[in-house]
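Asker: Dumping the structure here so I can ask a few things about it.
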Amino acid sequence: MSRIRKLEEAVEDLFGRGMMHGTMHLSIGQEASPTGVCMALDITDQITSTHRGHGHCVAKGADLMRMVAELLGKENGYCGGRGGSMHIADVETGNLGANGIVGGGIPIAIGAALASKMMKKGTIAVSFFGDGAMNEGAFHEAANLAAIWKLPVVLVCENNKYGMSSSTELAFAIDHLSERGLGYGIPGYTVDGNDVVAVYEATEAAVKRAKAGEGPTLLEFVTYRWKGHSRSDKNLYRTKEEIDEWKKKDPILFFEHVVRGKGLLTEDEIAEVHAQATSQVIAAVNEATKGKPADPATLLDAVFKQVNS
């Protein structure tokens with residue numbers, strides 16, 4: 001969680017200094033969700049991510065330097081500098097890619113799970129998506145297919161309370177988004193998404209169910225993004241008091257409180273974890289900035305592939 005937080009703080013700084021093209025979407029405040037979920041997965045299990053996907057990428061084991069290089073549009077980035085913040089993929093760690101289309105990763109995860117089942121690979125797929133995606137047709141079509149085919153997939157809704165500027169209270173007529181699973185015969189559970197242990201335990205149970213051939217599970221992790229939707233977001237639809245109240249539920253501070261209380265880590269050991277994360281991110285940024293900028297002349301090289309007739 002600390003590594004994700006430090007990386008996103010560095011990304012915000014790089015963007016502010018004009019070193020990044022396009023835009024970016026931060027998930028600061030949501031670190032428990034990607035961390036707890038990916039801890040329950042094997043490296044061979046696959047994930048699909050969202051436009052707010054930096055945390056998913058880090059938690060699944062991505063190389064920080066290649067991530068930062070991608071964000072900076074460098075050729076040594078994961079997608080050769082062509083994907084930027086919203087389209088990082090890392091097939092070696094099972095990350096099938098972030099997606100700028102709301103809900104666009106859900107059918108891809110269903111396809112990966114179907115392939116795993118047909119090829120008897122024994123792996124599962126996890127699809128991360130936000131609360132806004134649950135009102136997209138892609139979610140409903142994918143959920144139905146996953147249920148009737150009993151696919152090895154876990155549907156993970158990171159409910160951060162807002163789909164861009166639309167509050168979940170205005171966008172849904174149900175109290176818990178996990179209830180949506182019942183209409184498709186999928187068990188759904190709502191979990192404190194700022195408690196990394198609770199996230200891990202819920203995911204672990206869903207993974208066991210998927211790998212046992214019992215089909216999908218819908219998990220709703222209730223959390224909060226501290227920052228606006230993107231850099232263009234002025235945050236006019238929510239109050240400073242609301243944001244400050246959620247900051248008191250910081251998943252990192254909460255976990256520190258737990259491990260400190262159980263005597264698992266000392267103050268010095270907690271400080272060392274944060275220091276290591278900071279050092280790793282600084283090293284990644286320094287190395288990434290040395291990369292060669294992507295050459296527009298080779299822009300289409302990865303779009304078409306020569307096929308021998």
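Each chain in the structure tokens gets a letter, A, B, ..., in the order shown, and its residues are numbered from 1; ligands are numbered from 1 in order too.
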Could you pull out the residues in region 65-149 of chain A that DSSP calls strand (DSSP E or B) from the backbone, as a PDB file with all heavy atoms, in the first residue's frame?

Answerer:
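Writing the result to out10.pdb gives the following:
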```
ATOM      1  N   LYS A  74       7.908   7.235 -22.662  1.00  0.00           N
ATOM      2  CA  LYS A  74       9.241   6.776 -23.045  1.00  0.00           C
ATOM      3  C   LYS A  74       9.174   5.391 -23.715  1.00  0.00           C
ATOM      4  O   LYS A  74       8.290   4.578 -23.402  1.00  0.00           O
ATOM      5  CB  LYS A  74      10.132   6.682 -21.808  1.00  0.00           C
ATOM      6  CG  LYS A  74      10.233   7.960 -20.996  1.00  0.00           C
ATOM      7  CD  LYS A  74      11.084   9.002 -21.685  1.00  0.00           C
ATOM      8  CE  LYS A  74      11.335  10.183 -20.748  1.00  0.00           C
ATOM      9  NZ  LYS A  74      12.215  11.201 -21.367  1.00  0.00           N
ATOM     10  N   ASP A  90       0.724  -5.539 -18.552  1.00  0.00           N
ATOM     11  CA  ASP A  90       1.926  -6.283 -18.183  1.00  0.00           C
ATOM     12  C   ASP A  90       1.568  -7.765 -18.156  1.00  0.00           C
ATOM     13  O   ASP A  90       1.198  -8.308 -17.114  1.00  0.00           O
ATOM     14  CB  ASP A  90       2.428  -5.810 -16.814  1.00  0.00           C
ATOM     15  CG  ASP A  90       3.652  -6.580 -16.344  1.00  0.00           C
ATOM     16  OD1 ASP A  90       4.311  -7.215 -17.188  1.00  0.00           O
ATOM     17  OD2 ASP A  90       3.952  -6.534 -15.137  1.00  0.00           O
ATOM     18  N   ASN A  95      -1.394  -9.007 -15.857  1.00  0.00           N
ATOM     19  CA  ASN A  95      -2.195  -7.789 -15.993  1.00  0.00           C
ATOM     20  C   ASN A  95      -2.545  -7.593 -17.464  1.00  0.00           C
ATOM     21  O   ASN A  95      -1.708  -7.201 -18.265  1.00  0.00           O
ATOM     22  CB  ASN A  95      -1.406  -6.586 -15.459  1.00  0.00           C
ATOM     23  CG  ASN A  95      -2.224  -5.307 -15.490  1.00  0.00           C
ATOM     24  OD1 ASN A  95      -3.326  -5.266 -16.047  1.00  0.00           O
ATOM     25  ND2 ASN A  95      -1.691  -4.251 -14.903  1.00  0.00           N
ATOM     26  N   ALA A 125      -9.627 -15.169 -13.315  1.00  0.00           N
ATOM     27  CA  ALA A 125      -9.489 -13.778 -13.737  1.00  0.00           C
ATOM     28  C   ALA A 125     -10.242 -12.890 -12.756  1.00  0.00           C
ATOM     29  O   ALA A 125     -11.296 -13.277 -12.240  1.00  0.00           O
ATOM     30  CB  ALA A 125     -10.035 -13.583 -15.152  1.00  0.00           C
ATOM     31  N   VAL A 126      -9.662 -11.744 -12.476  1.00  0.00           N
ATOM     32  CA  VAL A 126     -10.302 -10.738 -11.622  1.00  0.00           C
ATOM     33  C   VAL A 126     -10.509  -9.482 -12.447  1.00  0.00           C
ATOM     34  O   VAL A 126      -9.587  -9.024 -13.122  1.00  0.00           O
ATOM     35  CB  VAL A 126      -9.426 -10.406 -10.398  1.00  0.00           C
ATOM     36  CG1 VAL A 126      -9.982  -9.182  -9.661  1.00  0.00           C
ATOM     37  CG2 VAL A 126      -9.350 -11.592  -9.451  1.00  0.00           C
ATOM     38  N   SER A 127     -11.704  -8.940 -12.389  1.00  0.00           N
ATOM     39  CA  SER A 127     -11.958  -7.670 -13.073  1.00  0.00           C
ATOM     40  C   SER A 127     -12.205  -6.586 -12.037  1.00  0.00           C
ATOM     41  O   SER A 127     -13.129  -6.672 -11.236  1.00  0.00           O
ATOM     42  CB  SER A 127     -13.176  -7.775 -14.002  1.00  0.00           C
ATOM     43  OG  SER A 127     -13.373  -6.531 -14.659  1.00  0.00           O
ATOM     44  N   PHE A 128     -11.326  -5.574 -12.033  1.00  0.00           N
ATOM     45  CA  PHE A 128     -11.552  -4.378 -11.208  1.00  0.00           C
ATOM     46  C   PHE A 128     -12.411  -3.401 -12.007  1.00  0.00           C
ATOM     47  O   PHE A 128     -12.165  -3.172 -13.193  1.00  0.00           O
ATOM     48  CB  PHE A 128     -10.222  -3.703 -10.878  1.00  0.00           C
ATOM     49  CG  PHE A 128      -9.346  -4.437  -9.904  1.00  0.00           C
ATOM     50  CD1 PHE A 128      -8.304  -5.240 -10.352  1.00  0.00           C
ATOM     51  CD2 PHE A 128      -9.547  -4.311  -8.535  1.00  0.00           C
ATOM     52  CE1 PHE A 128      -7.473  -5.902  -9.459  1.00  0.00           C
ATOM     53  CE2 PHE A 128      -8.725  -4.971  -7.629  1.00  0.00           C
ATOM     54  CZ  PHE A 128      -7.684  -5.767  -8.097  1.00  0.00           C
ATOM     55  N   PHE A 129     -13.397  -2.819 -11.357  1.00  0.00           N
ATOM     56  CA  PHE A 129     -14.175  -1.754 -11.999  1.00  0.00           C
ATOM     57  C   PHE A 129     -14.761  -0.861 -10.913  1.00  0.00           C
ATOM     58  O   PHE A 129     -14.821  -1.240  -9.742  1.00  0.00           O
ATOM     59  CB  PHE A 129     -15.288  -2.340 -12.884  1.00  0.00           C
ATOM     60  CG  PHE A 129     -16.144  -3.372 -12.215  1.00  0.00           C
ATOM     61  CD1 PHE A 129     -17.270  -3.007 -11.504  1.00  0.00           C
ATOM     62  CD2 PHE A 129     -15.810  -4.713 -12.304  1.00  0.00           C
ATOM     63  CE1 PHE A 129     -18.059  -3.972 -10.884  1.00  0.00           C
ATOM     64  CE2 PHE A 129     -16.590  -5.688 -11.682  1.00  0.00           C
ATOM     65  CZ  PHE A 129     -17.716  -5.317 -10.973  1.00  0.00           C
ATOM     66  N   GLY A 130     -15.166   0.330 -11.308  1.00  0.00           N
ATOM     67  CA  GLY A 130     -15.732   1.273 -10.355  1.00  0.00           C
ATOM     68  C   GLY A 130     -17.238   1.164 -10.261  1.00  0.00           C
ATOM     69  O   GLY A 130     -17.878   0.416 -11.009  1.00  0.00           O
TER      70      GLY A 130
END
```

Asker: Going by DSSP on the backbone, which residues of region 92-174 of chain A come out as helix (DSSP H, G or I)? List them as JSON, numbers by chain.

Answerer: {"A": [92, 93, 105, 106, 107, 108, 109, 110, 111, 112, 113, 114, 115, 116, 117, 118, 131, 132, 133, 134, 135, 137, 138, 139, 140, 141, 142, 143, 144, 145, 146, 147, 148, 168, 169, 170, 171]}

Asker: Of the candidates A:Cys157, A:Val222, A:Val91, A:Val259, which shows the shortest atom-to-atom distance to Trp246 (chain A), using only C-alpha atoms?

Answerer: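 Smallest distance to Trp246 (chain A) is found for A:Val222.
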
Asker: Could you check the closest approach to His25 (chain A) for each of A:Asp45, A:Arg231, A:Asn135, A:Asp195 and tell me which residue wins, using only C-alpha atoms?

Answerer: A:Arg231

Asker: Have a look at CA of Pro251 (chain A) and CA of Met67 (chain A) and let me know their distance in Å, one decimal.

Answerer: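 Distance reported for this atom pair: 23.2 Å.
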
Asker: Extract, using only C-alpha atoms, all DNA, RNA and protein residues at most 9 Å from Gly213 (chain A), discarding same-chain residues fewer than 4 positions from it, and format them as a PDB file with N, CA and C atoms, in the first residue's frame.

Answerer:
```
ATOM      1  N   LYS A 117     -11.042 -21.855 -18.480  1.00  0.00           N
ATOM      2  CA  LYS A 117     -11.896 -23.025 -18.246  1.00  0.00           C
ATOM      3  C   LYS A 117     -11.819 -24.008 -19.415  1.00  0.00           C
ATOM      4  N   LYS A 150     -20.617 -20.595 -15.267  1.00  0.00           N
ATOM      5  CA  LYS A 150     -19.835 -20.850 -14.034  1.00  0.00           C
ATOM      6  C   LYS A 150     -18.337 -20.617 -14.265  1.00  0.00           C
ATOM      7  N   LEU A 151     -18.026 -19.422 -14.719  1.00  0.00           N
ATOM      8  CA  LEU A 151     -16.638 -19.109 -15.054  1.00  0.00           C
ATOM      9  C   LEU A 151     -15.812 -18.786 -13.808  1.00  0.00           C
ATOM     10  N   PRO A 152     -14.514 -19.101 -13.866  1.00  0.00           N
ATOM     11  CA  PRO A 152     -13.619 -18.803 -12.739  1.00  0.00           C
ATOM     12  C   PRO A 152     -13.223 -17.332 -12.737  1.00  0.00           C
ATOM     13  N   LYS A 208     -11.117 -19.188  -3.983  1.00  0.00           N
ATOM     14  CA  LYS A 208     -11.309 -20.624  -3.721  1.00  0.00           C
ATOM     15  C   LYS A 208     -12.574 -21.129  -4.414  1.00  0.00           C
ATOM     16  N   ARG A 209     -13.627 -20.335  -4.331  1.00  0.00           N
ATOM     17  CA  ARG A 209     -14.891 -20.718  -4.960  1.00  0.00           C
ATOM     18  C   ARG A 209     -14.712 -20.817  -6.484  1.00  0.00           C
TER      19      ARG A 209
END
```

Asker: So, counting only C-alpha atoms, which residue among A:Arg52, A:Lys249, A:Lys121, A:Lys60 is closest to Met39 (chain A)?

Answerer: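 Selected residue with least distance to Met39 (chain A): A:Lys60.
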
Asker: Please report the interatomic distance between CA of Asp244 (chain A) and CA of Thr278 (chain A) in Å with one decimal.

Answerer: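 Answer for the CA of Asp244 (chain A) to CA of Thr278 (chain A) separation: 24.2 Å.
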
Asker: Tell me, in Å to one decimal, how far CA of Thr48 (chain A) is from CA of Asn159 (chain A).

Answerer: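 Calculated distance between CA of Thr48 (chain A) and CA of Asn159 (chain A) is 16.3 Å.
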
Asker: Sorted by chain and rising residue number, which residues of region 191-278 of chain A lie within 6 Å of region 26-35 of chain A, and what are their closest atom pairs and distances in Å to one decimal, counting only C-alpha atoms, as a tab-separated table?

Answerer:
```
residue	atom	partner	partner_atom	distance
A:Gly193	CA	A:Ser33	CA	5.7
A:Asn194	CA	A:Ala32	CA	5.3
A:Val196	CA	A:Ala32	CA	4.5
A:Thr223	CA	A:Gln30	CA	6.0
A:Tyr224	CA	A:Gly29	CA	6.0
A:Arg225	CA	A:Gly29	CA	5.2
A:Trp226	CA	A:Gly29	CA	5.6
A:Pro251	CA	A:Ala32	CA	5.9
```

Asker: Taking into account only C-alpha atoms, which residue in the set A:Gly97, A:Gly55, A:Gly132, A:Gly188 is nearest to His229 (chain A)?

Answerer: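 Residue with the minimum atom-to-atom distance to His229 (chain A): A:Gly132.
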
Asker: Can you tell me, as an MDAnalysis selection string, what residues are no more than 10 Å from Met65 (chain A) when counting only C-alpha atoms, ignoring any on the same chain fewer than 3 positions away?

Answerer: chainID A and resid 62 68:71 76:78 280:289 291

Asker: Could those selected residues go to a file with all heavy atoms, as a short mmCIF file (atom, residue, chain, number, x, y, z; two decimals), in the first residue's frame?

Answerer:
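And here is the file that came out, part-v2.cif:
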```cif
data_model
loop_
_atom_site.label_atom_id
_atom_site.label_comp_id
_atom_site.auth_asym_id
_atom_site.auth_seq_id
_atom_site.Cartn_x
_atom_site.Cartn_y
_atom_site.Cartn_z
N ALA A 62 4.09 -5.23 -11.02
CA ALA A 62 4.74 -4.52 -12.12
C ALA A 62 6.04 -3.85 -11.69
O ALA A 62 6.25 -3.55 -10.51
CB ALA A 62 3.79 -3.47 -12.70
N VAL A 68 6.59 4.13 -14.69
CA VAL A 68 6.82 5.57 -14.78
C VAL A 68 7.25 5.96 -16.19
O VAL A 68 6.81 6.98 -16.73
CB VAL A 68 7.88 6.01 -13.75
CG1 VAL A 68 8.17 7.51 -13.89
CG2 VAL A 68 7.41 5.72 -12.34
N ALA A 69 8.09 5.13 -16.81
CA ALA A 69 8.53 5.40 -18.18
C ALA A 69 7.33 5.45 -19.12
O ALA A 69 7.27 6.30 -20.03
CB ALA A 69 9.53 4.33 -18.63
N GLU A 70 6.37 4.56 -18.91
CA GLU A 70 5.16 4.57 -19.75
C GLU A 70 4.38 5.86 -19.55
O GLU A 70 3.90 6.47 -20.51
CB GLU A 70 4.29 3.36 -19.42
CG GLU A 70 3.06 3.22 -20.29
CD GLU A 70 3.41 3.11 -21.77
OE1 GLU A 70 4.39 2.43 -22.08
OE2 GLU A 70 2.71 3.73 -22.58
N LEU A 71 4.25 6.28 -18.31
CA LEU A 71 3.52 7.51 -18.02
C LEU A 71 4.19 8.73 -18.65
O LEU A 71 3.54 9.72 -18.98
CB LEU A 71 3.39 7.70 -16.51
CG LEU A 71 2.13 7.12 -15.83
CD1 LEU A 71 2.01 5.64 -16.06
CD2 LEU A 71 2.13 7.44 -14.35
N ASN A 76 11.03 2.91 -23.17
CA ASN A 76 11.28 1.83 -22.21
C ASN A 76 10.09 1.60 -21.28
O ASN A 76 10.18 0.87 -20.30
CB ASN A 76 12.55 2.10 -21.40
CG ASN A 76 12.55 3.46 -20.71
OD1 ASN A 76 11.84 4.36 -21.12
ND2 ASN A 76 13.36 3.60 -19.67
N GLY A 77 8.95 2.22 -21.60
CA GLY A 77 7.74 1.97 -20.83
C GLY A 77 7.07 0.67 -21.24
O GLY A 77 7.44 0.06 -22.25
N TYR A 78 6.09 0.24 -20.47
CA TYR A 78 5.45 -1.05 -20.71
C TYR A 78 4.83 -1.15 -22.11
O TYR A 78 4.80 -2.23 -22.71
CB TYR A 78 4.37 -1.31 -19.66
CG TYR A 78 4.87 -2.10 -18.48
CD1 TYR A 78 4.96 -1.54 -17.22
CD2 TYR A 78 5.26 -3.43 -18.63
CE1 TYR A 78 5.43 -2.27 -16.13
CE2 TYR A 78 5.73 -4.17 -17.56
CZ TYR A 78 5.81 -3.59 -16.32
OH TYR A 78 6.29 -4.32 -15.27
N GLN A 280 12.36 3.32 -3.53
CA GLN A 280 12.08 2.57 -4.77
C GLN A 280 11.43 3.48 -5.82
O GLN A 280 11.75 3.40 -7.01
CB GLN A 280 11.18 1.38 -4.47
CG GLN A 280 11.86 0.28 -3.66
CD GLN A 280 10.88 -0.74 -3.11
OE1 GLN A 280 9.67 -0.67 -3.34
NE2 GLN A 280 11.39 -1.71 -2.36
N VAL A 281 10.53 4.33 -5.37
CA VAL A 281 9.84 5.23 -6.31
C VAL A 281 10.80 6.28 -6.86
O VAL A 281 10.81 6.57 -8.07
CB VAL A 281 8.62 5.89 -5.64
CG1 VAL A 281 8.05 7.01 -6.52
CG2 VAL A 281 7.55 4.85 -5.35
N ILE A 282 11.64 6.84 -6.00
CA ILE A 282 12.62 7.84 -6.46
C ILE A 282 13.56 7.22 -7.49
O ILE A 282 13.85 7.82 -8.54
CB ILE A 282 13.43 8.40 -5.27
CG1 ILE A 282 12.53 9.27 -4.39
CG2 ILE A 282 14.63 9.20 -5.75
CD1 ILE A 282 13.19 9.76 -3.12
N ALA A 283 14.03 6.00 -7.22
CA ALA A 283 14.93 5.31 -8.15
C ALA A 283 14.24 5.06 -9.49
O ALA A 283 14.84 5.22 -10.57
CB ALA A 283 15.41 3.99 -7.55
N ALA A 284 12.95 4.68 -9.41
CA ALA A 284 12.19 4.41 -10.64
C ALA A 284 12.03 5.68 -11.48
O ALA A 284 12.20 5.65 -12.70
CB ALA A 284 10.81 3.84 -10.28
N VAL A 285 11.71 6.79 -10.82
CA VAL A 285 11.53 8.05 -11.54
C VAL A 285 12.85 8.49 -12.17
O VAL A 285 12.90 8.90 -13.35
CB VAL A 285 10.99 9.14 -10.59
CG1 VAL A 285 11.01 10.51 -11.28
CG2 VAL A 285 9.58 8.80 -10.14
N ASN A 286 13.93 8.41 -11.39
CA ASN A 286 15.24 8.84 -11.92
C ASN A 286 15.65 8.02 -13.14
O ASN A 286 16.16 8.56 -14.12
CB ASN A 286 16.31 8.72 -10.82
CG ASN A 286 16.15 9.78 -9.75
OD1 ASN A 286 15.53 10.83 -9.99
ND2 ASN A 286 16.69 9.52 -8.58
N GLU A 287 15.44 6.71 -13.09
CA GLU A 287 15.82 5.84 -14.20
C GLU A 287 14.89 6.05 -15.40
O GLU A 287 15.34 6.07 -16.56
CB GLU A 287 15.78 4.37 -13.76
CG GLU A 287 16.32 3.40 -14.79
CD GLU A 287 17.80 3.59 -15.09
OE1 GLU A 287 18.52 4.13 -14.21
OE2 GLU A 287 18.23 3.22 -16.20
N ALA A 288 13.60 6.20 -15.12
CA ALA A 288 12.62 6.34 -16.21
C ALA A 288 12.85 7.61 -17.02
O ALA A 288 12.69 7.62 -18.24
CB ALA A 288 11.20 6.32 -15.64
N THR A 289 13.22 8.69 -16.35
CA THR A 289 13.40 9.96 -17.06
C THR A 289 14.59 9.91 -18.02
O THR A 289 14.69 10.77 -18.91
CB THR A 289 13.61 11.12 -16.06
OG1 THR A 289 14.68 10.78 -15.17
CG2 THR A 289 12.34 11.36 -15.26
N GLY A 291 15.00 7.56 -20.13
CA GLY A 291 14.55 6.82 -21.32
C GLY A 291 14.40 7.71 -22.54
O GLY A 291 14.21 8.92 -22.45
#
```
